[in-house]
Amino acid sequence: MNMLRRKLYRDLMHLKGQMLAVAAVVACGISVFVSMSSVKYSLEASRQQYYSRYRFADVFMQVKRAPEFYRESVGSIPGVASVTTRVMADVTLDVPGLDEPATGRIVSIPEYRGMAGLNDVFIRKGRYIEAGKSEEVIASKPFMEANGLEPGDRVGAVINGRKKELVIVGMGLSPEYIYEVQPGSFFPDNRRFGIFWMGRRSLESALDMSGSFNDLSLALTHGTSEKDVLMQLDHLFKPYGSFGAYGRSEQLSDRFISDEIKQVGMQITILPSIFLGVAVFLLNIVLRRIVTTQRDQIAVLKAMGYSNEDIGFHYLGFAMVPTTVGSVIGTALGAWLGRGLMNVYGDFYNFAELVYYFRIEDVALSVLLSFIAALFGAWSAFRKAVEMPPAEAMRPDTPVTYRPGIFQRESLRKKIPVPIRIIVRNLERRPLKAALTVIMIALSVAILVAGRFTYDVTDRMMLVEFSEKHREDVTIVFRDPMPFAVRYNIASLDGVLEHEYYREEPVRISFGHRSRRQSIKGVESAEGLQRLVDKDNRQVVLPRGGIVLTKTLADILGARPGDMLNVDFQQGRQLRRQVMLAGTIDEMLGLSAYMNLRDLDRLAGDGGALNAAYLRIDSSKAGRLYSKFKEMPGISGIMMLKALRKSFDELIAKSMNTSTIILTSFACILAFSVVYNGARISLSERARELTSLRVLGLSIREVSIILLGEQALLTGIAIPLGFLFGIGLSVLLSLALSSELYRMPLVFSAYNFIFAFVVIIIVATASGLAVRRRLVNLDLVAVLKTRE
């Protein structure tokens with residue numbers, strides 16, 4: 001056995017390039033599996049710990065105004081474990097150093113820390129508020145960091161029409177706002193939107209809501225039917241302007257982080273499967289070649305008394321050693337990548353403590369799968385070494401029965417150069433190996449195409465959302481529904497060039513036995529400052545007399561154009577009406593319902609109201625206009641389109657650059673390993689043939705073309721096939737990662753394919769040059785002395 005170990009070591013050193021390539025592919029597969037598995041578990045564990053420690057609620061509800069004594073009625077509902085009532089309001093902020101007005105959501109908290117209920121606040125820096133000090137607030141960490149604020153700084157706010165100066169005494173976080181975005185937006189703008197926590201009595205006084213609340217949070221006991229509780233809450237608070245109770249699964253922040261965890265889970269299976277499949281292929285072709293070239297050595301070993309098992313396990317060592325090396329490297333790389341990815345997630349999501357958990361179970365499973373893949377790849381070579389009789393092994397391998405190829409015909413022989421005929425002939429003799437090589441290289445191309453698919457999706461999203469759909473500069477949200485006369489006040493402001501208005505009504509839309517809590521948006525026009533544009537950038541007409549739903553919402557309800565939908569209004573007279581589904585629109589973000597503004601007013605049965613305005617403004621007068629907005633008591637929120645886009649660009653750039661670097665590096669390793677191993681095996685198989693051609697007068701260049709031309713041809717065939725694989729993989733990703741929050745359109749830019757093409761060509765060229773160096777250094781005499 002000592003001799004076999006020495007032989008194994010010697011052979012591994014001789015084949016170190018090919019073995020390192022196999023180890024690199026295994027390392028990539030393990031690192032992806034370990035990093036994604038650990039990230040998924042870390043996100044789930046961090047979320048669960050955060051929710052548990054700071055008592056994240058199970059059920060939520062907003063109302064216009066309800067008496068505080070209803071808290072006892074809610075607590076008596078079967079299955080309700082805890083109830084927290086709060087006062088909440090959106091306000092306009094004047095932030096030092098920020099020219100534009102910002103928006104803040106002020107949430108009440110108990111005056112004393114020990115009285116904290118559900119959705120508690122984690123103090124990252126500073127302190128809790130002091131009872132009796134109405135100006136003290138705790139501000140959210142993202143907002144403070146984006147604006148460079150520290151405890152002790154002051155921020156102006158217009159609360160209930162009155163200007164008030166707030167003193168920030170602490171930097172806080174809450175499980176309710178892991179993903180912190182302004183209501184009505186999907187993209188964070190931490191500089192212009194933040195959460196503030198103020199003492200309950202102080203906020204009640206500022207909003208004239210003493211003895212009342214407008215926000216309700218519940219914790220349920222284990223096994224309680226959430227649906228039953230929601231129904232009782234809706235019935236109980238119907239007289240008080242309920243916006244509809246909803247569970248944790250519909251809470252915006254939780255939906256974002258839950259979808260993110262789901263996406264990470266999808267990546268655990270796709271990429272590792274590709275890398276382990278390539279490892280099986282590489283080990284199969286390398287070990288089959290080793291066994292074939294060492295037939296005489298196998299015969300001698302068996303003649304010396306080594307058993308079939310000894311020899312079989314010896315050749316399994318050629319698979320186990322690179323797999324072991326790859327497992328060690330992949331585990332270390334996976335831990336490093338996992339920690340880095342958690343830091344990226346830390347930029348997106350606001351956890352009190354985002355802990356990275358490196359689990360030995362993930363490592364054990366990935367290593368086990370890798371060794372199973374290695375055994376599968378080595379099995380045919382193992383059987384061949386074990387079953388080969390010594391007498392047969394002493395003879396050279398039986399030559400393959402060849403037949404004339406397509407270029408061997410008399411009519412083509414003189415027209416096709418000799419190197420090309422040799423290349424094609426060799427591929428014809430090993431069609432299965434050639435086909436598998438093409439598929440493996442194509443998978444490398446597919447990873448590059450699918451990896452940059454998210455870039456193309458993001459670019460399309462930016463184009464549609466920030467250029468085609470939204471063409472306003474500023475959106476202002478009114479504190480209360482306003483009459484149509486407000487348009488004259490807005491139009492009179494110096495600097496307003498164009499203005500449009502919309503109404504939003506909270507409703508419950510139902511069709512058959514299915515229903516959904518939703519807001520209907522009534523717009524003046526679908527072709528103005530805000531247009532109806534689908535994910536393919538096609539404009540959709542808004543018909544009169546009907547409602548248009550996003551396709552996903554219509555599918556949830558099971559409704560089709562022409563169906564009559566029931567609409568239950570949650571505010572005002574709380575009417576129940578019917579409206580025809582006039583059409584659907586396949587938008588990228590969220591679930592929406594659109595109607596013509598006049599039609600919505602008639603459906604609601606009131607004189608009409610406006611909730612917000614889209615404005616296009618004169619940039620030279622923007623500063624004065626922003627100052628007026630900061631002072632206007634009727635405005636509760638402001639969104640700046642350009643600022644929102646800039647914030648999104650900055651946030652998304654880091655994560656996309658990180659993912660692109662990782663996927664490009666892994667795809668390069670995959671392509672290099674396949675091309676290099678293919679060329680090295682061809683060199684070892686055809687060394688005598690190529691050397692003979694050298695002796696017969698062919699130059700190094702001509703012999704290199706014969707050897708590397710085969711790999712170049714396979715790479716050329718693999719690239720367009722890889723484009724198709726990449727499109728298919730992107731389709732699978734689009735279907736798997738789409739949710740109610742966002743849908744991924746199938747869009748591919750020319751740059752995506754050019755990038756994949758250039759990367760694969762560079763990698764293939766580098767691997768070819770590495771093999772050519774060995775070809776140049778061949779000892780012609782030694783090779784020609786080799787026994788067949």
# chains A, B, ... in the order shown; residues from 1 in each chain; ligands from 1

$ closest_atom_pairs --of "region 634-735 of chain A" --to "region 2-21 of chain A" --cutoff "10 Å" --atoms "only C-alpha atoms" --output "CSV"
residue,atom,partner,partner_atom,distance
A:Ile669,CA,A:Ala21,CA,7.8
A:Leu670,CA,A:Ala21,CA,8.4
A:Phe672,CA,A:Ala21,CA,7.9
A:Ser673,CA,A:Ala21,CA,4.9
A:Val674,CA,A:Ala21,CA,8.2
A:Tyr676,CA,A:Gln18,CA,7.5
A:Asn677,CA,A:Gln18,CA,5.8
A:Gly678,CA,A:Gln18,CA,9.4
A:Arg680,CA,A:Gln18,CA,7.7
A:Ile681,CA,A:Gln18,CA,9.0

$ residues_around --residues "Met171 (chain A)" --least-positions-apart "3" --cutoff "6 Å" --atoms "only C-alpha atoms" --output "ChimeraX atom specification"
/A:123-125,138-141

$ write_last_selection --atoms "all heavy atoms" --output "PDB file, in the first residue's frame"
ATOM      1  N   ILE A 123     -32.490  50.477  20.766  1.00  0.00           N
ATOM      2  CA  ILE A 123     -31.704  51.717  20.806  1.00  0.00           C
ATOM      3  C   ILE A 123     -30.270  51.380  20.409  1.00  0.00           C
ATOM      4  O   ILE A 123     -29.529  50.741  21.156  1.00  0.00           O
ATOM      5  CB  ILE A 123     -31.741  52.380  22.195  1.00  0.00           C
ATOM      6  CG1 ILE A 123     -33.187  52.585  22.658  1.00  0.00           C
ATOM      7  CG2 ILE A 123     -30.984  53.710  22.149  1.00  0.00           C
ATOM      8  CD1 ILE A 123     -33.989  53.498  21.771  1.00  0.00           C
ATOM      9  N   ARG A 124     -29.877  51.816  19.210  1.00  0.00           N
ATOM     10  CA  ARG A 124     -28.510  51.579  18.732  1.00  0.00           C
ATOM     11  C   ARG A 124     -27.533  52.569  19.347  1.00  0.00           C
ATOM     12  O   ARG A 124     -26.390  52.229  19.653  1.00  0.00           O
ATOM     13  CB  ARG A 124     -28.486  51.695  17.210  1.00  0.00           C
ATOM     14  CG  ARG A 124     -27.105  51.668  16.575  1.00  0.00           C
ATOM     15  CD  ARG A 124     -26.504  50.287  16.610  1.00  0.00           C
ATOM     16  NE  ARG A 124     -27.181  49.422  15.635  1.00  0.00           N
ATOM     17  CZ  ARG A 124     -26.856  48.156  15.445  1.00  0.00           C
ATOM     18  NH1 ARG A 124     -25.905  47.607  16.174  1.00  0.00           N
ATOM     19  NH2 ARG A 124     -27.494  47.427  14.554  1.00  0.00           N
ATOM     20  N   LYS A 125     -27.972  53.800  19.513  1.00  0.00           N
ATOM     21  CA  LYS A 125     -27.098  54.848  20.039  1.00  0.00           C
ATOM     22  C   LYS A 125     -27.963  55.864  20.770  1.00  0.00           C
ATOM     23  O   LYS A 125     -29.114  56.085  20.403  1.00  0.00           O
ATOM     24  CB  LYS A 125     -26.336  55.525  18.896  1.00  0.00           C
ATOM     25  CG  LYS A 125     -25.281  56.542  19.341  1.00  0.00           C
ATOM     26  CD  LYS A 125     -24.721  57.297  18.153  1.00  0.00           C
ATOM     27  CE  LYS A 125     -23.920  56.398  17.232  1.00  0.00           C
ATOM     28  NZ  LYS A 125     -23.264  57.180  16.146  1.00  0.00           N
ATOM     29  N   ILE A 138     -36.890  59.454  19.066  1.00  0.00           N
ATOM     30  CA  ILE A 138     -35.853  58.518  18.608  1.00  0.00           C
ATOM     31  C   ILE A 138     -36.005  58.402  17.101  1.00  0.00           C
ATOM     32  O   ILE A 138     -37.121  58.216  16.602  1.00  0.00           O
ATOM     33  CB  ILE A 138     -36.018  57.140  19.276  1.00  0.00           C
ATOM     34  CG1 ILE A 138     -35.907  57.266  20.794  1.00  0.00           C
ATOM     35  CG2 ILE A 138     -34.989  56.145  18.736  1.00  0.00           C
ATOM     36  CD1 ILE A 138     -36.343  56.005  21.533  1.00  0.00           C
ATOM     37  N   ALA A 139     -34.917  58.543  16.365  1.00  0.00           N
ATOM     38  CA  ALA A 139     -34.972  58.487  14.901  1.00  0.00           C
ATOM     39  C   ALA A 139     -34.372  57.183  14.408  1.00  0.00           C
ATOM     40  O   ALA A 139     -33.497  56.590  15.055  1.00  0.00           O
ATOM     41  CB  ALA A 139     -34.228  59.676  14.291  1.00  0.00           C
ATOM     42  N   SER A 140     -34.818  56.740  13.243  1.00  0.00           N
ATOM     43  CA  SER A 140     -34.336  55.466  12.691  1.00  0.00           C
ATOM     44  C   SER A 140     -32.884  55.584  12.240  1.00  0.00           C
ATOM     45  O   SER A 140     -32.444  56.628  11.749  1.00  0.00           O
ATOM     46  CB  SER A 140     -35.213  55.021  11.527  1.00  0.00           C
ATOM     47  OG  SER A 140     -35.188  55.963  10.477  1.00  0.00           O
ATOM     48  N   LYS A 141     -32.178  54.509  12.399  1.00  0.00           N
ATOM     49  CA  LYS A 141     -30.750  54.460  12.067  1.00  0.00           C
ATOM     50  C   LYS A 141     -30.461  54.817  10.609  1.00  0.00           C
ATOM     51  O   LYS A 141     -29.556  55.623  10.333  1.00  0.00           O
ATOM     52  CB  LYS A 141     -30.200  53.074  12.416  1.00  0.00           C
ATOM     53  CG  LYS A 141     -28.744  52.824  12.021  1.00  0.00           C
ATOM     54  CD  LYS A 141     -28.320  51.437  12.485  1.00  0.00           C
ATOM     55  CE  LYS A 141     -26.931  51.067  11.964  1.00  0.00           C
ATOM     56  NZ  LYS A 141     -26.967  50.740  10.528  1.00  0.00           N
TER      57      LYS A 141
END

$ residues_around --residues "region 67-74 of chain A" --least-positions-apart "5" --cutoff "7 Å" --atoms "only C-alpha atoms" --output "short mmCIF file (atom, residue, chain, number, x, y, z; two decimals) with C-alpha atoms, in the first residue's frame"
data_model
loop_
_atom_site.label_atom_id
_atom_site.label_comp_id
_atom_site.auth_asym_id
_atom_site.auth_seq_id
_atom_site.Cartn_x
_atom_site.Cartn_y
_atom_site.Cartn_z
CA VAL A 83 -52.65 44.11 22.17
CA GLY A 211 -57.88 58.86 24.49
CA SER A 212 -57.84 57.50 20.93
CA PHE A 213 -55.64 55.51 18.60
#

$ closest_residue --among "A:Ile261, A:Val87, A:Leu436, A:Ala352" --to "Gly172 (chain A)" --atoms "only C-alpha atoms"
A:Ala352

$ closest_atom_pairs --of "region 474-567 of chain A" --to "region 724-745 of chain A" --cutoff "9 Å" --atoms "only C-alpha atoms" --output "Markdown table"
| residue | atom | partner | partner_atom | distance |
| --- | --- | --- | --- | --- |
| A:Lys535 | CA | A:Pro745 | CA | 6.1 |
| A:Asp536 | CA | A:Pro745 | CA | 7.0 |
| A:Thr552 | CA | A:Glu740 | CA | 6.9 |
| A:Leu553 | CA | A:Glu740 | CA | 8.1 |

$ write_last_selection --atoms "N, CA, C and O atoms" --output "mmCIF file, in the first residue's frame"
data_model
loop_
_atom_site.group_PDB
_atom_site.id
_atom_site.type_symbol
_atom_site.label_atom_id
_atom_site.label_comp_id
_atom_site.auth_asym_id
_atom_site.auth_seq_id
_atom_site.Cartn_x
_atom_site.Cartn_y
_atom_site.Cartn_z
ATOM 1 N N LYS A 535 -44.687 45.889 -17.974
ATOM 2 C CA LYS A 535 -43.281 45.565 -17.768
ATOM 3 C C LYS A 535 -42.484 45.494 -19.063
ATOM 4 O O LYS A 535 -41.255 45.545 -19.045
ATOM 5 N N ASP A 536 -43.192 45.392 -20.206
ATOM 6 C CA ASP A 536 -42.526 45.401 -21.505
ATOM 7 C C ASP A 536 -42.515 46.783 -22.121
ATOM 8 O O ASP A 536 -42.256 46.937 -23.321
ATOM 9 N N THR A 552 -51.300 40.049 -11.899
ATOM 10 C CA THR A 552 -51.107 39.187 -10.736
ATOM 11 C C THR A 552 -52.297 39.271 -9.792
ATOM 12 O O THR A 552 -52.762 38.256 -9.263
ATOM 13 N N LEU A 553 -52.819 40.483 -9.564
ATOM 14 C CA LEU A 553 -53.983 40.652 -8.698
ATOM 15 C C LEU A 553 -55.214 39.976 -9.302
ATOM 16 O O LEU A 553 -55.988 39.323 -8.584
#

$ residues_around --residues "Gly326 (chain A)" --least-positions-apart "3" --cutoff "6 Å" --atoms "only C-alpha atoms" --output "VMD selection string"
chain A and resid 23 to 24 26 to 27 322 to 323 329 to 330

$ closest_residue --among "A:Asn119, A:Asp494, A:Arg560, A:Met632" --to "Ser52 (chain A)" --atoms "only C-alpha atoms"
A:Asn119

$ decode --residues "region 105-116 of chain A" --atoms "all heavy atoms" --output "PDB file, in the first residue's frame"
ATOM      1  N   ARG A 105     -42.359  59.386   9.392  1.00  0.00           N
ATOM      2  CA  ARG A 105     -43.509  58.695   9.993  1.00  0.00           C
ATOM      3  C   ARG A 105     -43.275  58.665  11.493  1.00  0.00           C
ATOM      4  O   ARG A 105     -42.311  58.034  11.967  1.00  0.00           O
ATOM      5  CB  ARG A 105     -43.656  57.287   9.430  1.00  0.00           C
ATOM      6  CG  ARG A 105     -44.621  56.419  10.224  1.00  0.00           C
ATOM      7  CD  ARG A 105     -45.158  55.267   9.416  1.00  0.00           C
ATOM      8  NE  ARG A 105     -46.149  55.737   8.444  1.00  0.00           N
ATOM      9  CZ  ARG A 105     -46.912  54.923   7.718  1.00  0.00           C
ATOM     10  NH1 ARG A 105     -46.805  53.607   7.850  1.00  0.00           N
ATOM     11  NH2 ARG A 105     -47.790  55.407   6.862  1.00  0.00           N
ATOM     12  N   ILE A 106     -44.120  59.354  12.246  1.00  0.00           N
ATOM     13  CA  ILE A 106     -43.980  59.416  13.699  1.00  0.00           C
ATOM     14  C   ILE A 106     -44.885  58.358  14.314  1.00  0.00           C
ATOM     15  O   ILE A 106     -46.091  58.310  14.043  1.00  0.00           O
ATOM     16  CB  ILE A 106     -44.328  60.813  14.237  1.00  0.00           C
ATOM     17  CG1 ILE A 106     -43.433  61.877  13.586  1.00  0.00           C
ATOM     18  CG2 ILE A 106     -44.163  60.855  15.744  1.00  0.00           C
ATOM     19  CD1 ILE A 106     -43.651  63.267  14.116  1.00  0.00           C
ATOM     20  N   VAL A 107     -44.292  57.503  15.143  1.00  0.00           N
ATOM     21  CA  VAL A 107     -44.994  56.402  15.782  1.00  0.00           C
ATOM     22  C   VAL A 107     -44.894  56.590  17.295  1.00  0.00           C
ATOM     23  O   VAL A 107     -43.806  56.869  17.822  1.00  0.00           O
ATOM     24  CB  VAL A 107     -44.385  55.045  15.374  1.00  0.00           C
ATOM     25  CG1 VAL A 107     -45.153  53.894  16.009  1.00  0.00           C
ATOM     26  CG2 VAL A 107     -44.364  54.902  13.857  1.00  0.00           C
ATOM     27  N   SER A 108     -46.013  56.425  17.963  1.00  0.00           N
ATOM     28  CA  SER A 108     -45.993  56.621  19.416  1.00  0.00           C
ATOM     29  C   SER A 108     -45.383  55.415  20.129  1.00  0.00           C
ATOM     30  O   SER A 108     -45.511  54.275  19.682  1.00  0.00           O
ATOM     31  CB  SER A 108     -47.415  56.857  19.932  1.00  0.00           C
ATOM     32  OG  SER A 108     -48.186  55.675  19.832  1.00  0.00           O
ATOM     33  N   ILE A 109     -44.699  55.696  21.222  1.00  0.00           N
ATOM     34  CA  ILE A 109     -44.146  54.671  22.108  1.00  0.00           C
ATOM     35  C   ILE A 109     -44.474  55.057  23.546  1.00  0.00           C
ATOM     36  O   ILE A 109     -44.758  56.227  23.828  1.00  0.00           O
ATOM     37  CB  ILE A 109     -42.616  54.519  21.934  1.00  0.00           C
ATOM     38  CG1 ILE A 109     -41.924  55.882  22.093  1.00  0.00           C
ATOM     39  CG2 ILE A 109     -42.275  53.884  20.602  1.00  0.00           C
ATOM     40  CD1 ILE A 109     -40.391  55.800  22.006  1.00  0.00           C
ATOM     41  N   PRO A 110     -44.457  54.092  24.464  1.00  0.00           N
ATOM     42  CA  PRO A 110     -44.758  54.424  25.867  1.00  0.00           C
ATOM     43  C   PRO A 110     -43.767  55.446  26.422  1.00  0.00           C
ATOM     44  O   PRO A 110     -42.608  55.515  25.995  1.00  0.00           O
ATOM     45  CB  PRO A 110     -44.637  53.081  26.583  1.00  0.00           C
ATOM     46  CG  PRO A 110     -44.836  52.053  25.519  1.00  0.00           C
ATOM     47  CD  PRO A 110     -44.258  52.641  24.281  1.00  0.00           C
ATOM     48  N   GLU A 111     -44.229  56.226  27.374  1.00  0.00           N
ATOM     49  CA  GLU A 111     -43.369  57.244  27.985  1.00  0.00           C
ATOM     50  C   GLU A 111     -42.219  56.616  28.762  1.00  0.00           C
ATOM     51  O   GLU A 111     -41.145  57.229  28.895  1.00  0.00           O
ATOM     52  CB  GLU A 111     -44.206  58.118  28.933  1.00  0.00           C
ATOM     53  CG  GLU A 111     -45.401  58.799  28.287  1.00  0.00           C
ATOM     54  CD  GLU A 111     -45.003  59.953  27.386  1.00  0.00           C
ATOM     55  OE1 GLU A 111     -43.911  60.505  27.588  1.00  0.00           O
ATOM     56  OE2 GLU A 111     -45.778  60.276  26.469  1.00  0.00           O
ATOM     57  N   TYR A 112     -42.434  55.400  29.240  1.00  0.00           N
ATOM     58  CA  TYR A 112     -41.402  54.735  30.038  1.00  0.00           C
ATOM     59  C   TYR A 112     -40.979  53.436  29.346  1.00  0.00           C
ATOM     60  O   TYR A 112     -41.816  52.700  28.803  1.00  0.00           O
ATOM     61  CB  TYR A 112     -41.915  54.435  31.449  1.00  0.00           C
ATOM     62  CG  TYR A 112     -42.314  55.667  32.214  1.00  0.00           C
ATOM     63  CD1 TYR A 112     -43.646  56.094  32.251  1.00  0.00           C
ATOM     64  CD2 TYR A 112     -41.354  56.425  32.897  1.00  0.00           C
ATOM     65  CE1 TYR A 112     -44.016  57.230  32.951  1.00  0.00           C
ATOM     66  CE2 TYR A 112     -41.721  57.567  33.589  1.00  0.00           C
ATOM     67  CZ  TYR A 112     -43.045  57.960  33.619  1.00  0.00           C
ATOM     68  OH  TYR A 112     -43.405  59.100  34.299  1.00  0.00           O
ATOM     69  N   ARG A 113     -39.704  53.181  29.373  1.00  0.00           N
ATOM     70  CA  ARG A 113     -39.136  52.040  28.656  1.00  0.00           C
ATOM     71  C   ARG A 113     -39.748  50.713  29.114  1.00  0.00           C
ATOM     72  O   ARG A 113     -39.997  49.820  28.308  1.00  0.00           O
ATOM     73  CB  ARG A 113     -37.618  52.009  28.877  1.00  0.00           C
ATOM     74  CG  ARG A 113     -36.878  50.881  28.170  1.00  0.00           C
ATOM     75  CD  ARG A 113     -36.968  51.023  26.670  1.00  0.00           C
ATOM     76  NE  ARG A 113     -36.091  50.103  25.975  1.00  0.00           N
ATOM     77  CZ  ARG A 113     -36.102  49.900  24.667  1.00  0.00           C
ATOM     78  NH1 ARG A 113     -36.959  50.556  23.912  1.00  0.00           N
ATOM     79  NH2 ARG A 113     -35.277  49.059  24.106  1.00  0.00           N
ATOM     80  N   GLY A 114     -40.013  50.580  30.383  1.00  0.00           N
ATOM     81  CA  GLY A 114     -40.515  49.316  30.903  1.00  0.00           C
ATOM     82  C   GLY A 114     -41.927  48.994  30.474  1.00  0.00           C
ATOM     83  O   GLY A 114     -42.405  47.886  30.709  1.00  0.00           O
ATOM     84  N   MET A 115     -42.611  49.956  29.858  1.00  0.00           N
ATOM     85  CA  MET A 115     -44.000  49.731  29.447  1.00  0.00           C
ATOM     86  C   MET A 115     -44.112  49.331  27.978  1.00  0.00           C
ATOM     87  O   MET A 115     -45.200  49.247  27.426  1.00  0.00           O
ATOM     88  CB  MET A 115     -44.817  51.011  29.685  1.00  0.00           C
ATOM     89  CG  MET A 115     -44.862  51.456  31.142  1.00  0.00           C
ATOM     90  SD  MET A 115     -45.609  53.099  31.309  1.00  0.00           S
ATOM     91  CE  MET A 115     -47.234  52.830  30.608  1.00  0.00           C
ATOM     92  N   ALA A 116     -42.991  49.091  27.327  1.00  0.00           N
ATOM     93  CA  ALA A 116     -42.996  48.813  25.890  1.00  0.00           C
ATOM     94  C   ALA A 116     -43.839  47.581  25.582  1.00  0.00           C
ATOM     95  O   ALA A 116     -43.807  46.583  26.300  1.00  0.00           O
ATOM     96  CB  ALA A 116     -41.574  48.603  25.397  1.00  0.00           C
TER      97      ALA A 116
END
